[in-house]
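Trainee: Take this structure, written in structure tokens, and hold onto it; I'll ask about it next.
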2 protein chains.
Amino acid sequence: MTEGQGQKPPARKAGSDAPTLQDVAQAAGVSTATVSRCLNMPERVVKDTRERVLAVVEKLGYAPNFGARALAAKRTNTIGAIIPTMENAIFARGLQAFQEELARHGLTLLVASSSYQPELEREQIRTLLARGADALLLIGFERAASVYELLDQRSVPYVIAWAFDETAQHPAIGFDNREAMRALARQVFELGHRDVAIITAPLAPNDRARDRVSGVWDAAREVGLCPDEITLIETPYSIENGAAAMEDLLGQKPRPTAVMCGNDVLAVGAMGQAQSMGLSVPGDISITGFDDIEIAGIVTPALTTVHVPHRQMGKEAAQVLSDLLGGATAGAPVRLQTEIMSRASLGPVPREDA
Amino acid sequence: MTEGQGQKPPARKAGSDAPTLQDVAQAAGVSTATVSRCLNMPERVVKDTRERVLAVVEKLGYAPNFGARALAAKRTNTIGAIIPTMENAIFARGLQAFQEELARHGLTLLVASSSYQPELEREQIRTLLARGADALLLIGFERAASVYELLDQRSVPYVIAWAFDETAQHPAIGFDNREAMRALARQVFELGHRDVAIITAPLAPNDRARDRVSGVWDAAREVGLCPDEITLIETPYSIENGAAAMEDLLGQKPRPTAVMCGNDVLAVGAMGQAQSMGLSVPGDISITGFDDIEIAGIVTPALTTVHVPHRQMGKEAAQVLSDLLGGATAGAPVRLQTEIMSRASLGPVPREDA
DNA sequence: TTGTAGGCGTTATCAT
DNA sequence: ATGATAACGCCTACAA
């Protein structure tokens, strides 16, 4: 020792650091190993010392350093989720349920968002893994093969949500976007609509959106309509964009009598725009949505849409991951049921008066 | 070496681990220090080797282990935020801006939610610090002194948002909830309303909600009303709860002619309920909100509410933290301006017909 | 410009 | 039941 009088090192300029295992061990008069055991395998230490140690832990406000723990244990009890955006209420709701269920299993959620950009998603996956995520929640199937290879090679458990594909080779829990939208579109066509338009989120980076559009096309063909005749507008998720898209649509020569939207937010925007341009919904024009978020039941008229069990999906996804981490082998994709919520915004085709 | 023939250790049963600095260094024929420098101080390594190293990094898909890095560097470039709930759109919007601005400064956001529970918030703060958060974003001023002491002792930079108090001893950026609500309440009283009710989020764990109620009381006193005469219902944030609260209110003896809600979500629920019970808004009853979220402009009639610059607040909060981390000394609390959005849901008091 | 080596806080394997 | 002690992956003086 070069300087031998002080008990403590010279006071640091900045505040003191967090207490460490070392600090606790010293204060309790035991080794760091014992403190560690008190925290991780309490039954393997005698009651007497355990209580003493835990008292010190409490008193010092000790919390294990996460990084160090991850480094040593190679496990973090953390699940990473990469969602396209946080601003979308449906992801928020599903994630909430996901995280509640994770907590029930002693797992923590780490969220990242990809802004619907595949490269960014890839980046975020790496980041989450570097941060020690033990498993991942992914949205939709579509991503570069190399991403799946990475996950596979590192043997990182993952589950895909918000989409369903019975042929998919990945653990998944979701619903059939195409089938759900087809069912809704059938109702639209049965009501006599033939001049139909679609407002959807951008299709390129979004397989769920594409599936929904395909569903409309399927139903169109069933009634002898050519999908090409269906005007399609792609625009990002927001009420304003929905309104702008509707404005475009209303300028078309044979004005559509029904507009099917890829989600409720676009639908609400579209509806507001139609009304503010003097049209009656569904008197002059029918509008449908997808997701059944809260606002769908609030607007006037209430929105006919597809109900998706977001919370259930989040919860079951968490269970799947927990099982996977427990060593379970991946099961077949799980398919959740959707339900058409028939409300007021979809009505029969208005009588011709052109 | 006990077994000396294989180049590689026996293949692991599970997938391979992530590549390490070691791996990159070996493949590039340099030391780990050089690889580290290539990543952290590229200018301090010659172009030739740098390119070679970075190529290997790319090829191997190397990403630095976050925990190890934090351990060694004692810095993570990560900012922690503890918000009461993710389900509230206003926090979502502000956080989004916060995170965008953080990214601009090379910082990453880590979010945790406290569910409006002080003990949980305290817990989450510890967790975020253990995870290496360099600084924190907190919502509202109210928390145990011991929490502030902890932050202080560890000299963790932090900023408080969504609230303003000129006397506060903490770095803060927000708006004056009380003053904003008082201004809105004045308009309500000026329109002749005297039978007023309040629907608010639970007050106990929420200083912002309390401030807003105080604002109404202030305005009430200004017109000679006793705050006690103002019915007050506390209920958690949700459209349905707003509706239920309104149902209660409409059963009262002198039915209120105006209902001021602590936030837009409760207001929208309240409005829907009033309408579905046959009342006209604002013909029979006026309703106001707070926050000016998107839905406020969508409902019919559009909601009179207080606009809060959530995005600006998020952005500036990020700047403050970035400055603080850069060594800047904390400035005075910043006050952002709110604005009353006069729309259709607030009208004059209906003529008496009792 | 590059390499060597010590240490960051935990866990886990051995001894004891 | 408890205590040493070697990793874990990275950063950073310090040396060369």
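Chain identifiers are assigned as A, B, and so on, following the order in which chains appear in the structure tokens; residues are numbered from 1 within each chain, and ligands are numbered from 1 in order of appearance.
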As a ChimeraX atom specification, could you give me every residue of chain D near chain A (at most 10 Å apart, counting only C-alpha atoms (C1' of nucleotides))?
Mentor: /D:1-4,7-9
Trainee: Report as a PyMOL selection string the set of chain A residues whose atoms approach chain B to within 8 Å, with distances computed over only C-alpha atoms.
Mentor: chain A and resi 14-18+63-68+70-71+86-87+89+92-93+96+110-111+126-127+130-132+152-155+239+268-269+272+294-295+298-300
Trainee: Given the selection you just returned, output its residues as a file containing N, CA and C atoms, formatted as a tab-separated table (two decimals), in the first residue's frame.
Mentor:
```
chain	number	residue	atom	x	y	z
A	14	ALA	N	-17.38	12.89	-8.08
A	14	ALA	CA	-18.80	12.63	-8.37
A	14	ALA	C	-19.39	11.78	-7.25
A	15	GLY	N	-20.67	11.49	-7.37
A	15	GLY	CA	-21.36	10.71	-6.34
A	15	GLY	C	-20.81	9.31	-6.28
A	16	SER	N	-21.19	8.62	-5.22
A	16	SER	CA	-20.69	7.26	-5.04
A	16	SER	C	-21.36	6.32	-6.03
A	17	ASP	N	-20.67	5.26	-6.33
A	17	ASP	CA	-21.24	4.28	-7.25
A	17	ASP	C	-22.26	3.42	-6.53
A	18	ALA	N	-22.89	2.59	-7.30
A	18	ALA	CA	-23.85	1.66	-6.71
A	18	ALA	C	-23.09	0.66	-5.85
A	63	ALA	N	-28.57	-3.58	-5.62
A	63	ALA	CA	-29.24	-4.23	-6.75
A	63	ALA	C	-28.16	-4.78	-7.65
A	64	PRO	N	-28.26	-6.04	-8.02
A	64	PRO	CA	-27.20	-6.65	-8.82
A	64	PRO	C	-26.99	-5.90	-10.12
A	65	ASN	N	-25.77	-5.74	-10.50
A	65	ASN	CA	-25.45	-5.11	-11.78
A	65	ASN	C	-25.85	-6.05	-12.91
A	66	PHE	N	-26.74	-5.53	-13.73
A	66	PHE	CA	-27.32	-6.36	-14.77
A	66	PHE	C	-26.29	-6.89	-15.76
A	67	GLY	N	-25.42	-6.00	-16.19
A	67	GLY	CA	-24.43	-6.39	-17.18
A	67	GLY	C	-23.51	-7.47	-16.66
A	68	ALA	N	-23.06	-7.27	-15.46
A	68	ALA	CA	-22.15	-8.25	-14.87
A	68	ALA	C	-22.84	-9.60	-14.72
A	70	ALA	N	-25.34	-10.75	-16.48
A	70	ALA	CA	-25.53	-11.35	-17.80
A	70	ALA	C	-24.23	-11.99	-18.27
A	71	LEU	N	-23.16	-11.27	-18.02
A	71	LEU	CA	-21.86	-11.73	-18.46
A	71	LEU	C	-21.52	-13.08	-17.81
A	86	MET	N	-44.47	2.07	-32.04
A	86	MET	CA	-45.14	2.14	-30.75
A	86	MET	C	-46.40	2.98	-30.85
A	87	GLU	N	-46.51	3.74	-31.92
A	87	GLU	CA	-47.63	4.67	-32.00
A	87	GLU	C	-48.92	3.95	-32.36
A	89	ALA	N	-51.83	1.72	-31.65
A	89	ALA	CA	-52.47	1.28	-30.42
A	89	ALA	C	-52.58	-0.24	-30.33
A	92	ALA	N	-49.50	-1.61	-28.90
A	92	ALA	CA	-49.42	-1.21	-27.49
A	92	ALA	C	-50.26	-2.13	-26.62
A	93	ARG	N	-51.46	-2.42	-27.09
A	93	ARG	CA	-52.34	-3.24	-26.28
A	93	ARG	C	-51.82	-4.68	-26.16
A	96	GLN	N	-48.77	-4.85	-23.94
A	96	GLN	CA	-49.11	-4.72	-22.53
A	96	GLN	C	-49.44	-6.10	-21.95
A	110	LEU	N	-38.10	-6.07	-23.07
A	110	LEU	CA	-37.29	-5.01	-23.64
A	110	LEU	C	-37.86	-4.73	-25.02
A	111	VAL	N	-38.26	-3.50	-25.26
A	111	VAL	CA	-38.93	-3.19	-26.52
A	111	VAL	C	-38.06	-2.36	-27.45
A	126	ARG	N	-30.13	-7.51	-33.50
A	126	ARG	CA	-28.75	-7.61	-33.02
A	126	ARG	C	-28.57	-6.88	-31.70
A	127	THR	N	-29.10	-5.69	-31.65
A	127	THR	CA	-28.97	-4.90	-30.43
A	127	THR	C	-29.58	-5.61	-29.23
A	130	ALA	N	-27.43	-8.42	-28.23
A	130	ALA	CA	-26.23	-7.93	-27.57
A	130	ALA	C	-26.56	-7.49	-26.15
A	131	ARG	N	-27.78	-7.03	-25.97
A	131	ARG	CA	-28.20	-6.62	-24.63
A	131	ARG	C	-28.61	-7.82	-23.79
A	132	GLY	N	-28.53	-8.97	-24.37
A	132	GLY	CA	-28.74	-10.17	-23.58
A	132	GLY	C	-30.12	-10.78	-23.64
A	152	ASP	N	-31.36	-18.89	-35.74
A	152	ASP	CA	-31.24	-20.33	-35.69
A	152	ASP	C	-29.86	-20.75	-35.20
A	153	GLN	N	-28.88	-20.12	-35.79
A	153	GLN	CA	-27.50	-20.45	-35.47
A	153	GLN	C	-27.18	-20.19	-34.00
A	154	ARG	N	-27.73	-19.08	-33.51
A	154	ARG	CA	-27.50	-18.78	-32.10
A	154	ARG	C	-28.49	-19.53	-31.21
A	155	SER	N	-29.36	-20.26	-31.86
A	155	SER	CA	-30.44	-20.96	-31.16
A	155	SER	C	-31.15	-20.05	-30.16
A	239	ILE	N	-54.56	9.13	-38.70
A	239	ILE	CA	-55.90	9.61	-39.00
A	239	ILE	C	-55.86	10.57	-40.18
A	268	VAL	N	-61.07	5.67	-39.52
A	268	VAL	CA	-61.64	6.80	-38.79
A	268	VAL	C	-61.32	8.11	-39.52
A	269	GLY	N	-60.10	8.21	-39.98
A	269	GLY	CA	-59.73	9.41	-40.74
A	269	GLY	C	-60.55	9.53	-42.01
A	272	GLY	N	-64.16	10.61	-41.19
A	272	GLY	CA	-64.27	12.02	-40.86
A	272	GLY	C	-64.22	12.88	-42.10
A	294	GLU	N	-60.45	0.76	-29.58
A	294	GLU	CA	-61.51	1.41	-28.81
A	294	GLU	C	-62.28	2.44	-29.62
A	295	ILE	N	-61.54	3.22	-30.36
A	295	ILE	CA	-62.15	4.33	-31.08
A	295	ILE	C	-63.20	3.86	-32.08
A	298	ILE	N	-66.55	4.30	-30.80
A	298	ILE	CA	-66.84	5.65	-30.32
A	298	ILE	C	-67.32	6.57	-31.43
A	299	VAL	N	-66.71	6.43	-32.60
A	299	VAL	CA	-67.05	7.35	-33.68
A	299	VAL	C	-68.51	7.18	-34.10
A	300	THR	N	-69.01	8.18	-34.79
A	300	THR	CA	-70.38	8.15	-35.26
A	300	THR	C	-70.39	8.24	-36.79
```
Trainee: Hey, what does DSSP flag as alpha helix (DSSP H) within range 20-248 of chain B? Can you give it to me as JSON, numbers by chain?
Mentor: {"B": [21, 22, 23, 24, 25, 26, 27, 28, 32, 33, 34, 35, 36, 37, 38, 39, 40, 47, 48, 49, 50, 51, 52, 53, 54, 55, 56, 57, 58, 59, 60, 66, 67, 68, 69, 70, 71, 72, 73, 89, 90, 91, 92, 93, 94, 95, 96, 97, 98, 99, 100, 101, 102, 103, 104, 118, 119, 120, 121, 122, 123, 124, 125, 126, 127, 128, 129, 130, 145, 146, 147, 148, 149, 150, 151, 152, 153, 177, 178, 179, 180, 181, 182, 183, 184, 185, 186, 187, 188, 189, 190, 207, 208, 209, 210, 211, 212, 213, 214, 215, 216, 217, 218, 219, 220, 221, 222, 239, 240, 241, 242, 243, 244, 245, 246, 247, 248]}
Trainee: Got a sec to pull out which chain C residues are within 12 Å of chain A, counting only C-alpha atoms (C1' of nucleotides), and send them as a CSV table (one decimal) with C-alpha atoms (C1' of nucleotides), in the first residue's frame?
Mentor:
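Below you can see result.csv, which holds the result:
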```csv
chain,number,residue,atom,x,y,z
C,8,DC,C1',-15.3,-4.0,-14.1
C,9,DG,C1',-19.4,-7.1,-10.9
C,10,DT,C1',-21.4,-11.7,-11.1
C,11,DT,C1',-21.9,-16.5,-11.3
C,12,DA,C1',-20.4,-21.1,-10.7
C,13,DT,C1',-16.9,-24.7,-9.9
```
Trainee: What is the CA of Leu321 in chain A-CA of Leu102 in chain A distance in Å, reported with one decimal?
Mentor: 8.8 Å
